[in-house]
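Notes for the one structure printed next.
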Amino acid sequence: MKKFIPFIVCVILFSACKQSKQGIVQDLLEAENSFEKGKVSQLLSDSFMFYGPETLNKEGYLSRVDSLKSIECQSSILKIQVSDSIVKTEEQERSIIDSLLEVTPAIIRKKTYRFVDDKLQSITVDSTLYLEEYFKSLHEKVIPFTFYVGDQYDIEDDKEIFANIKKYLSEYVSLPASDKKEYRHYAHLQGAYVSKDCAFYRKLIFRGKKTVTIVDAIFGMSFASGYELDEDIIRVKTDKSDLLFEIKDSQTLIGEGFAKGTFKKVN
């Protein structure tokens, strides 16, 4: 009996030290949020698979950590449910872009974690919530930001922007509200606007902060001109008199006078 007692004590201590499945999941997210690939690797089995927007093996999943690090993407557990063999979670994802540009709503992913012994065998993304709303908000917020970077640094390559994303974001969000509003207008103006009810002008094509091409509605002839932005009003120069357009939203301009009509963005 005396020899059996130390054995029982060892079993109890081993069971107490053994990591729970919930603990393994929480440790994984902590390692991912710290971008520690070594710790992430230790928690995954050699045959680990990730089934989400793309299917990844262990090597591919570890490479994903570098991508998350470039935008400081963090995940937090909103809900967790543990059964004998699996752990189910709801996790919110936020990157530095989402946080500083106030992109809402945040993406929420429902995941299932499966195990082999004390390591993760697979992670499956069962569903993703608010994806469409998130990308709509991201599109609206990122376009002015990238226009600002292009205007200030003459950079259009996304890779160059991401290389110093924190610096550019910090500068952009520190701008006065009036400057950010102006960049929003300039950014969303880029491209073509078409009218079906303006008698004299059919299309406006904006390029940069000064140039606009006007297409008339009678002969379909086009000519280049300049424009100025004053709050929500666009003043387009012509050889006779200036044309005025009010910015109603990011997709719509309302013309006045000879340009009276509604112009909708087409690209």
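Chain labels run A, B, ... following the order of the structure tokens; each chain numbers its residues from 1, and ligands are numbered from 1 in the order shown.
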For this session: Would you kindly return, as a PyMOL selection string, each protein, DNA or RNA residue with an atom no farther than 10 Å from any atom of region 28-39 of chain A, considering only C-alpha atoms and excluding same-chain residues fewer than 4 positions away?
Result: chain A and resi 22-24+43-44+61-70+72-77+91+120
For this session: Would you please extract all helix (DSSP H, G or I) residues from region 48-144 of chain A, as assigned by DSSP on the backbone, and give them as a count of residues only?
Result: 33
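Taking only C-alpha atoms into account, Leu101 (chain A) lies nearest to A:Leu138 out of the set A:Ile218, A:Val236, A:Leu138, A:Ile254.
The residue that comes closest to Ser83 (chain A), out of A:Ser137, A:Ser20, A:Thr262, A:Ser99 and on the basis of only C-alpha atoms, is A:Ser20.
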For this session: Mind checking which residues fall within 12 Å of His139 (chain A), counting only C-alpha atoms, ignoring those fewer than 5 positions away in the same chain, and posting them as a PyMOL selection string?
Result: chain A and resi 97-98+101-104+132-134+144-146+184+187-188+250
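One distance worth recording is that between CA of Tyr168 (chain A) and CA of Lys209 (chain A), which is 19.8 Å.
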For this session: List the neighbours of region 198-206 of chain A out to 9 Å using only C-alpha atoms; skip same-chain residues closer than 3 positions along the sequence, and give me the result as a list in words.
Result: Leu189, Gln190, Gly191, Ala192, Tyr193, Val194, Ser195, Lys209, Lys210, Thr211, Val212, Thr213, Ile214, Val215, Asp216, Ala217, Ile218, Gly220, Ser222, Tyr227, Gly255, Phe258, Ala259, Lys260, Gly261, Thr262 and Phe263 of chain A
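In this model, the gap between CA of Ile123 (chain A) and CA of Phe50 (chain A) comes to 4.9 Å.
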For this session: Assign secondary structure with DSSP using the backbone only, and return the residues of region 97-237 of chain A in strand (DSSP E or B) as a ChimeraX atom specification.
Result: /A:107-116,119-129,191-195,201-207,211-216,222-230,233-236
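The space separating CA of Asp118 (chain A) from CA of Ser45 (chain A) comes to 8.7 Å.
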Compile the contact shell of Glu246 (chain A) as a tab-separated table (two decimals) with N, CA and C atoms, in the first residue's frame: residues with an atom at most 8 Å away, counting only C-alpha atoms, same-chain residues fewer than 2 positions apart removed.
chain	number	residue	atom	x	y	z
A	232	ASP	N	-18.12	70.56	-50.06
A	232	ASP	CA	-18.91	69.56	-50.79
A	232	ASP	C	-19.25	70.01	-52.22
A	233	ILE	N	-18.64	71.07	-52.68
A	233	ILE	CA	-18.92	71.62	-54.00
A	233	ILE	C	-17.72	71.44	-54.93
A	234	ILE	N	-17.99	70.97	-56.14
A	234	ILE	CA	-16.95	70.84	-57.17
A	234	ILE	C	-17.20	71.92	-58.22
A	244	LEU	N	-21.08	73.77	-61.61
A	244	LEU	CA	-21.08	73.42	-60.20
A	244	LEU	C	-21.76	72.07	-59.97
A	248	LYS	N	-23.22	64.53	-53.26
A	248	LYS	CA	-24.30	64.00	-52.42
A	248	LYS	C	-23.79	62.86	-51.55
A	253	LEU	N	-23.20	62.73	-57.77
A	253	LEU	CA	-23.01	64.17	-57.88
A	253	LEU	C	-24.30	64.80	-58.41
A	254	ILE	N	-24.64	65.97	-57.90
A	254	ILE	CA	-25.83	66.70	-58.37
A	254	ILE	C	-25.38	67.97	-59.07
A	255	GLY	N	-25.65	68.05	-60.39
A	255	GLY	CA	-25.23	69.21	-61.16
A	255	GLY	C	-26.23	70.36	-61.05
